[in-house]
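Structure data follow from target.cif (mmCIF, C-alpha atoms):
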```cif
data_final
loop_
_atom_site.label_atom_id
_atom_site.label_comp_id
_atom_site.auth_asym_id
_atom_site.auth_seq_id
_atom_site.Cartn_x
_atom_site.Cartn_y
_atom_site.Cartn_z
CA MET A 16 87.75 -134.98 -33.72
CA THR A 17 85.35 -133.28 -36.03
CA SER A 18 85.80 -133.46 -39.74
CA GLY A 19 83.49 -130.59 -40.55
CA VAL A 20 85.37 -128.07 -42.64
CA LEU A 21 84.07 -124.55 -42.12
CA LEU A 22 86.30 -122.57 -44.46
CA THR A 23 88.74 -123.36 -47.24
CA GLY A 24 91.12 -121.48 -49.46
CA ALA A 25 91.15 -117.71 -49.31
CA GLY A 26 88.39 -117.64 -46.69
CA GLY A 27 90.57 -119.74 -44.43
CA TRP A 28 93.51 -117.40 -44.79
CA LEU A 29 91.23 -114.42 -44.17
CA PHE A 30 90.01 -116.10 -40.98
CA ALA A 31 93.59 -116.74 -39.86
CA VAL A 32 94.61 -113.11 -40.40
CA LEU A 33 91.47 -111.76 -38.69
CA ALA A 34 91.86 -114.14 -35.75
CA VAL A 35 95.52 -113.26 -35.19
CA LEU A 36 94.74 -109.54 -35.34
CA ALA A 37 91.76 -109.94 -32.98
CA LEU A 38 93.89 -111.86 -30.47
CA ALA A 39 96.69 -109.30 -30.71
CA SER A 40 94.32 -106.41 -30.08
CA ALA A 41 92.77 -108.33 -27.17
CA VAL A 42 96.24 -108.65 -25.64
CA ALA A 43 96.70 -104.92 -26.20
CA VAL A 44 93.43 -104.24 -24.33
CA VAL A 45 94.72 -106.07 -21.29
CA VAL A 46 98.27 -104.71 -21.43
CA ALA A 47 97.67 -101.03 -22.30
CA ARG A 48 98.10 -98.68 -19.34
CA ASN A 49 95.95 -95.87 -20.68
CA PRO A 50 92.22 -96.78 -20.56
CA VAL A 51 91.61 -94.79 -23.75
CA HIS A 52 94.07 -97.03 -25.61
CA SER A 53 92.39 -100.08 -24.08
CA ALA A 54 89.00 -98.88 -25.29
CA LEU A 55 90.25 -98.27 -28.84
CA PHE A 56 91.93 -101.68 -29.03
CA LEU A 57 88.69 -103.19 -27.73
CA LEU A 58 86.86 -101.47 -30.57
CA LEU A 59 89.34 -102.95 -33.07
CA SER A 60 88.86 -106.40 -31.55
CA PHE A 61 85.06 -106.12 -31.80
CA VAL A 62 85.20 -105.10 -35.45
CA LEU A 63 87.53 -108.00 -36.30
CA VAL A 64 85.33 -110.50 -34.48
CA ALA A 65 82.30 -109.11 -36.35
CA ALA A 66 84.14 -109.80 -39.60
CA ILE A 67 84.75 -113.38 -38.42
CA PHE A 68 81.00 -113.68 -37.74
CA ILE A 69 80.23 -112.57 -41.27
CA LEU A 70 82.67 -115.21 -42.59
CA GLN A 71 80.47 -117.82 -40.87
CA GLN A 72 77.27 -116.67 -42.62
CA ALA A 73 76.11 -114.82 -39.51
CA GLU A 74 75.63 -111.53 -41.27
CA PHE A 75 72.88 -110.31 -38.96
CA VAL A 76 74.84 -111.06 -35.79
CA GLY A 77 77.86 -109.35 -37.32
CA ALA A 78 75.81 -106.22 -37.99
CA VAL A 79 74.32 -106.31 -34.48
CA GLN A 80 77.83 -106.69 -33.07
CA MET A 81 78.97 -103.61 -34.98
CA LEU A 82 75.94 -101.56 -33.91
CA VAL A 83 75.68 -102.61 -30.26
CA TYR A 84 79.32 -103.18 -29.34
CA ALA A 85 81.20 -100.84 -31.64
CA GLY A 86 78.42 -98.25 -31.60
CA GLY A 87 76.77 -98.37 -28.19
CA ILE A 88 79.07 -99.98 -25.66
CA MET A 89 82.23 -98.28 -26.93
CA VAL A 90 80.56 -94.86 -26.72
CA LEU A 91 79.57 -95.67 -23.13
CA PHE A 92 83.14 -96.69 -22.29
CA LEU A 93 84.69 -93.61 -23.85
CA PHE A 94 82.08 -91.42 -22.15
CA VAL A 95 83.00 -92.84 -18.74
CA VAL A 96 86.72 -92.47 -19.51
CA MET A 97 86.00 -88.80 -20.17
CA LEU A 98 83.96 -88.42 -16.97
CA VAL A 99 86.62 -89.94 -14.71
CA ASN A 100 89.86 -88.09 -15.24
CA PRO A 101 92.33 -90.41 -17.06
CA GLY A 102 95.20 -88.61 -15.37
CA VAL A 103 93.94 -89.87 -12.04
CA VAL A 104 93.50 -93.35 -13.45
CA ALA A 105 97.05 -93.64 -14.73
CA VAL A 106 98.56 -93.08 -11.28
CA GLY A 107 99.69 -96.18 -9.46
CA LYS A 108 100.61 -99.63 -10.70
CA ALA A 109 98.50 -100.97 -13.52
CA PHE A 110 98.73 -104.63 -12.50
CA GLN A 111 97.82 -106.23 -9.23
CA THR A 112 99.62 -109.07 -7.52
CA GLN A 113 97.41 -111.96 -8.65
CA PHE A 114 99.67 -113.40 -11.33
CA ASP A 115 100.16 -116.51 -9.21
CA VAL A 116 96.38 -117.06 -8.94
CA ALA A 117 96.01 -116.52 -12.68
CA LEU A 118 98.82 -118.95 -13.50
CA VAL A 119 97.23 -121.62 -11.26
CA LEU A 120 93.72 -121.11 -12.67
CA LEU A 121 94.70 -121.12 -16.33
CA PRO A 122 95.72 -124.83 -16.52
CA ILE A 123 92.58 -125.72 -14.56
CA PHE A 124 90.55 -124.26 -17.42
CA LEU A 125 92.95 -125.38 -20.14
CA LEU A 126 92.86 -129.11 -19.33
CA PRO A 127 89.06 -129.59 -19.69
CA PHE A 128 89.20 -127.54 -22.87
CA LEU A 129 91.88 -129.78 -24.37
CA TYR A 130 89.87 -132.83 -23.26
CA ILE A 131 86.78 -131.50 -25.03
CA LEU A 132 88.84 -130.62 -28.10
CA GLY A 133 90.27 -134.15 -28.25
CA THR A 134 87.09 -136.11 -27.64
CA GLU A 135 84.23 -134.07 -29.05
CA LYS A 136 81.77 -136.04 -31.15
CA LEU A 137 79.31 -133.88 -33.00
CA PRO A 138 76.53 -135.46 -35.04
CA ASP A 139 77.39 -135.68 -38.70
CA VAL A 140 75.07 -133.15 -40.26
CA ALA A 141 74.74 -133.25 -43.99
CA ALA A 142 76.35 -130.15 -45.45
CA LYS A 143 73.56 -127.70 -46.22
CA PRO A 144 75.17 -124.61 -47.69
CA ASP A 145 72.04 -122.47 -47.32
CA ALA A 146 70.84 -123.80 -43.97
CA LEU A 147 71.40 -120.47 -42.23
CA ARG A 148 69.39 -118.62 -44.87
CA MET A 149 66.36 -120.87 -45.14
CA VAL A 150 62.87 -119.90 -44.04
CA GLY A 151 60.86 -123.07 -44.34
CA ASP A 152 61.75 -124.36 -47.80
CA ARG A 153 62.45 -120.96 -49.27
CA ILE A 154 65.90 -119.36 -49.48
CA ALA A 155 65.63 -115.96 -47.84
CA GLY A 156 68.28 -113.81 -46.15
CA ASN A 157 70.12 -114.51 -42.93
CA THR A 158 68.27 -111.67 -41.17
CA GLU A 159 64.88 -113.08 -42.09
CA ALA A 160 65.86 -116.58 -41.05
CA VAL A 161 67.17 -115.38 -37.67
CA SER A 162 64.01 -113.37 -37.07
CA TRP A 163 61.86 -116.42 -37.82
CA VAL A 164 63.70 -118.47 -35.20
CA LEU A 165 63.81 -115.57 -32.74
CA PHE A 166 60.15 -114.63 -32.86
CA ARG A 167 58.68 -118.12 -33.18
CA ASP A 168 60.81 -120.38 -31.02
CA TYR A 169 62.39 -117.88 -28.64
CA LEU A 170 59.65 -115.30 -28.15
CA VAL A 171 59.51 -115.63 -24.35
CA PRO A 172 63.30 -115.25 -23.88
CA PHE A 173 63.09 -112.26 -26.19
CA GLU A 174 60.48 -110.59 -23.97
CA VAL A 175 62.47 -111.48 -20.85
CA ALA A 176 65.49 -109.81 -22.46
CA SER A 177 63.48 -106.63 -22.91
CA VAL A 178 62.52 -106.68 -19.21
CA PHE A 179 66.19 -107.26 -18.39
CA LEU A 180 67.16 -104.19 -20.40
CA LEU A 181 64.53 -102.13 -18.55
CA VAL A 182 65.94 -103.32 -15.22
CA ALA A 183 69.49 -102.49 -16.37
CA MET A 184 68.40 -99.03 -17.46
CA ILE A 185 66.68 -98.24 -14.15
CA GLY A 186 69.65 -99.66 -12.24
CA ALA A 187 72.12 -97.53 -14.20
CA VAL A 188 70.03 -94.39 -13.62
CA VAL A 189 69.74 -95.07 -9.88
CA LEU A 190 73.43 -95.91 -9.49
CA GLY A 191 74.51 -92.86 -11.44
CA ARG A 192 72.45 -90.35 -9.48
CA ARG A 193 74.49 -87.70 -7.78
CA SER A 194 72.31 -87.67 -4.66
CA LEU A 195 73.72 -91.09 -3.67
CA GLU A 196 76.82 -89.21 -2.63
CA LYS A 197 74.89 -87.10 -0.14
CA MET A 198 73.12 -90.09 1.39
CA ASP A 199 76.22 -91.28 3.22
CA MET B 5 94.10 -123.04 -45.73
CA THR B 6 91.44 -125.30 -44.26
CA ILE B 7 89.66 -124.11 -41.15
CA THR B 8 87.68 -126.54 -39.01
CA LEU B 9 85.61 -126.10 -35.89
CA ASN B 10 88.68 -126.82 -33.79
CA HIS B 11 90.43 -123.68 -35.04
CA TYR B 12 87.41 -121.65 -34.04
CA MET B 13 87.37 -123.27 -30.60
CA ILE B 14 91.07 -122.54 -30.12
CA VAL B 15 90.70 -118.88 -31.09
CA SER B 16 87.65 -118.58 -28.85
CA PHE B 17 89.50 -120.18 -25.94
CA LEU B 18 92.50 -117.87 -26.37
CA LEU B 19 90.24 -114.81 -26.50
CA PHE B 20 88.46 -116.00 -23.36
CA ALA B 21 91.77 -116.69 -21.61
CA ILE B 22 93.06 -113.21 -22.45
CA GLY B 23 89.90 -111.66 -21.03
CA PHE B 24 90.14 -113.87 -17.95
CA MET B 25 93.76 -112.85 -17.35
CA GLY B 26 92.68 -109.23 -17.74
CA VAL B 27 90.04 -109.60 -15.04
CA LEU B 28 92.48 -111.23 -12.65
CA VAL B 29 95.54 -109.13 -13.31
CA ARG B 30 94.42 -105.56 -13.89
CA ARG B 31 93.68 -103.06 -11.13
CA ASN B 32 91.77 -100.55 -13.23
CA PHE B 33 88.00 -100.95 -12.89
CA LEU B 34 87.41 -99.89 -16.51
CA THR B 35 89.92 -102.34 -17.96
CA ILE B 36 88.37 -105.16 -15.94
CA LEU B 37 84.97 -104.35 -17.47
CA MET B 38 86.52 -104.36 -20.95
CA SER B 39 88.05 -107.78 -20.25
CA VAL B 40 84.60 -109.10 -19.30
CA GLU B 41 83.34 -107.85 -22.67
CA LEU B 42 86.19 -109.73 -24.36
CA MET B 43 85.12 -112.95 -22.60
CA LEU B 44 81.50 -112.53 -23.72
CA ASN B 45 82.72 -111.94 -27.25
CA ALA B 46 84.72 -115.18 -27.14
CA VAL B 47 81.57 -117.07 -26.14
CA ASN B 48 79.74 -115.52 -29.09
CA LEU B 49 82.49 -116.70 -31.43
CA ASN B 50 81.98 -120.27 -30.23
CA LEU B 51 78.19 -120.05 -30.61
CA ILE B 52 78.48 -118.79 -34.17
CA ALA B 53 80.97 -121.47 -35.19
CA PHE B 54 78.83 -124.26 -33.73
CA SER B 55 75.76 -122.80 -35.39
CA ARG B 56 77.49 -123.08 -38.76
CA ARG B 57 78.85 -126.54 -38.05
CA LEU B 58 75.45 -127.92 -37.04
CA SER B 59 73.50 -125.92 -39.67
CA ASP B 60 71.25 -124.65 -36.86
CA LEU B 61 70.27 -121.04 -36.34
CA THR B 62 69.80 -121.41 -32.57
CA GLY B 63 73.43 -120.49 -31.97
CA GLN B 64 73.02 -117.17 -33.76
CA VAL B 65 69.86 -116.38 -31.78
CA PHE B 66 71.66 -117.15 -28.54
CA SER B 67 74.58 -114.93 -29.47
CA ILE B 68 72.07 -112.09 -29.94
CA PHE B 69 70.87 -112.74 -26.38
CA VAL B 70 74.48 -112.73 -25.16
CA ILE B 71 75.00 -109.34 -26.84
CA THR B 72 71.87 -108.06 -25.06
CA ILE B 73 73.20 -109.22 -21.70
CA ALA B 74 76.58 -107.64 -22.50
CA ALA B 75 74.92 -104.29 -23.20
CA GLY B 76 73.05 -104.36 -19.88
CA GLU B 77 76.17 -105.47 -18.05
CA ALA B 78 78.19 -102.63 -19.55
CA ALA B 79 75.56 -100.06 -18.53
CA ILE B 80 75.40 -101.31 -14.94
CA GLY B 81 79.18 -101.75 -14.70
CA LEU B 82 79.89 -98.25 -15.93
CA ALA B 83 77.30 -96.78 -13.54
CA LEU B 84 79.10 -98.66 -10.76
CA THR B 85 82.42 -97.28 -12.04
CA ILE B 86 81.14 -93.73 -11.80
CA SER B 87 79.71 -94.12 -8.31
CA PHE B 88 82.89 -95.91 -7.18
CA PHE B 89 84.98 -93.07 -8.58
CA ARG B 90 82.82 -90.52 -6.75
CA GLN B 91 83.36 -92.29 -3.46
CA ARG B 92 87.09 -93.05 -3.73
CA ARG B 93 88.48 -90.61 -6.31
CA THR B 94 90.27 -93.53 -7.97
CA LEU B 95 89.53 -96.54 -10.18
CA ASP B 96 91.92 -98.90 -8.41
CA VAL B 97 89.94 -101.95 -7.29
CA GLU B 98 92.47 -102.53 -4.48
CA GLU B 99 90.93 -99.45 -2.86
CA ALA B 100 87.59 -101.23 -2.56
CA ASN B 101 88.47 -102.78 0.80
CA THR B 102 85.77 -101.45 3.14
CA MET B 103 84.50 -104.94 3.92
CA ARG B 104 87.96 -106.47 4.43
CA GLY B 105 88.00 -108.24 7.80
#
```

Structure re-expressed in structure tokens:
Amino acid sequence: MTSGVLLTGAGGWLFAVLAVLALASAVAVVVARNPVHSALFLLLSFVLVAAIFILQQAEFVGAVQMLVYAGGIMVLFLFVVMLVNPGVVAVGKAFQTQFDVALVLLPIFLLPFLYILGTEKLPDVAAKPDALRMVGDRIAGNTEAVSWVLFRDYLVPFEVASVFLLVAMIGAVVLGRRSLEKMD
Amino acid sequence: MTITLNHYMIVSFLLFAIGFMGVLVRRNFLTILMSVELMLNAVNLNLIAFSRRLSDLTGQVFSIFVITIAAGEAAIGLALTISFFRQRRTLDVEEANTMRG
């Protein structure tokens, strides 16, 4: 069991409130019958998780989460909800008959998780309050520190990610073309 | 209130489990995609918490990569949604049974 304390006092309570709200809105995403409601609850969940990121000194990742998820992906989702008629979507049962599969699979995932939670042994790292803001020996901002790690140690994965985005873009354009319909 | 890494892991697991249940239980293609996004978000939460616990920025960099993958996955998934809707006039995944033996 780890002894590393991440938050205390008011920050801890803030985390608890944010986490409970994020989990509640996640449940609402899954339960809501109208896809528009699902998308809006998903947006709420993303914003709350971004706030939790910022509580953990990941300011840059929190901002990226807001821009990419809450800005980009949510607009895409709402755009598609507009394109496909929600009235058509709402017809029929919302849930399929796989509850039994889900109830069998959940303990299969839960047991290893509880095992990990009970036996984890992380190295005892000396508490460095500014470790996520350091560039070399200098205290900079979180964004600068992340960019140093990203562009020095992970430059090749970064370039591969850009190729991946190009592939995704071309794939989305090809899949979305109307002429696919005429082909078959 | 004192928050340790374990609290973060529990919240992340619950978020992942909710997304997983969503994928298994829902019939709406769009809601299934949203549940996948929830699962990716849960993974990010874990990465950030471990990054803080170990005082190592690698976790934050990896969560940026995960966000990149999530953006690409959403674009492809929504393109698939649109072409599926054009073919079937519905978003019910139970209708996708052409290859059923």

Exercise answer, chain A residues close to chain B, 6 Å and only C-alpha atoms, as a CSV table (one decimal) with C-alpha atoms, keeping the file's coordinate frame:
```csv
chain,number,residue,atom,x,y,z
A,20,VAL,CA,85.4,-128.1,-42.6
A,21,LEU,CA,84.1,-124.6,-42.1
A,22,LEU,CA,86.3,-122.6,-44.5
A,23,THR,CA,88.7,-123.4,-47.2
A,24,GLY,CA,91.1,-121.5,-49.5
A,27,GLY,CA,90.6,-119.7,-44.4
A,28,TRP,CA,93.5,-117.4,-44.8
A,45,VAL,CA,94.7,-106.1,-21.3
A,109,ALA,CA,98.5,-101.0,-13.5
A,110,PHE,CA,98.7,-104.6,-12.5
A,111,GLN,CA,97.8,-106.2,-9.2
A,113,GLN,CA,97.4,-112.0,-8.6
A,146,ALA,CA,70.8,-123.8,-44.0
A,180,LEU,CA,67.2,-104.2,-20.4
A,183,ALA,CA,69.5,-102.5,-16.4
A,187,ALA,CA,72.1,-97.5,-14.2
A,190,LEU,CA,73.4,-95.9,-9.5
A,191,GLY,CA,74.5,-92.9,-11.4
```

- Message: Just the number, please: distance in Å from CA of Val164 in chain A to CA of Gly87 in chain A, one decimal.
- Response: 25.0 Å

- Task: Pick out the residues sitting within 10 Å of range 54-58 of chain A, and hand them over as a ChimeraX atom specification; count all atoms listed in the file, and ignore anything fewer than 5 positions along from it in its own chain.
- Result: /A:37,39-45,47,49,63-64,81,84-86,88-90,92-93,96 /B:34-35,38-39,41-42

Distance cut-off 10 Å, centre (77.1, -114.0, -41.6) in file coordinates, counting only C-alpha atoms: which residues qualify? Return them as a CSV table (one decimal) with C-alpha atoms, in the frame of the given file.
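What ended up in point_30.csv:
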```
chain,number,residue,atom,x,y,z
A,65,ALA,CA,82.3,-109.1,-36.4
A,66,ALA,CA,84.1,-109.8,-39.6
A,67,ILE,CA,84.8,-113.4,-38.4
A,68,PHE,CA,81.0,-113.7,-37.7
A,69,ILE,CA,80.2,-112.6,-41.3
A,70,LEU,CA,82.7,-115.2,-42.6
A,71,GLN,CA,80.5,-117.8,-40.9
A,72,GLN,CA,77.3,-116.7,-42.6
A,73,ALA,CA,76.1,-114.8,-39.5
A,74,GLU,CA,75.6,-111.5,-41.3
A,75,PHE,CA,72.9,-110.3,-39.0
A,76,VAL,CA,74.8,-111.1,-35.8
A,77,GLY,CA,77.9,-109.4,-37.3
A,78,ALA,CA,75.8,-106.2,-38.0
A,147,LEU,CA,71.4,-120.5,-42.2
A,148,ARG,CA,69.4,-118.6,-44.9
A,156,GLY,CA,68.3,-113.8,-46.2
A,157,ASN,CA,70.1,-114.5,-42.9
A,158,THR,CA,68.3,-111.7,-41.2
B,52,ILE,CA,78.5,-118.8,-34.2
B,56,ARG,CA,77.5,-123.1,-38.8
B,64,GLN,CA,73.0,-117.2,-33.8
```

- What does the distance from CA of Val46 in chain A to CA of Ala117 in chain A come to in Å, to one decimal?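 Spanning CA of Val46 in chain A to CA of Ala117 in chain A is a straight-line distance of 14.9 Å.
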
- Two-atom distance - CA of Gly105 in chain B, CA of Val116 in chain A (Å): 20.7 Å

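Here the question is which of A:Glu135, A:Val178, A:Ser60, A:Arg193 gets nearest to Val35 in chain A using only C-alpha atoms, and that residue is A:Ser60.
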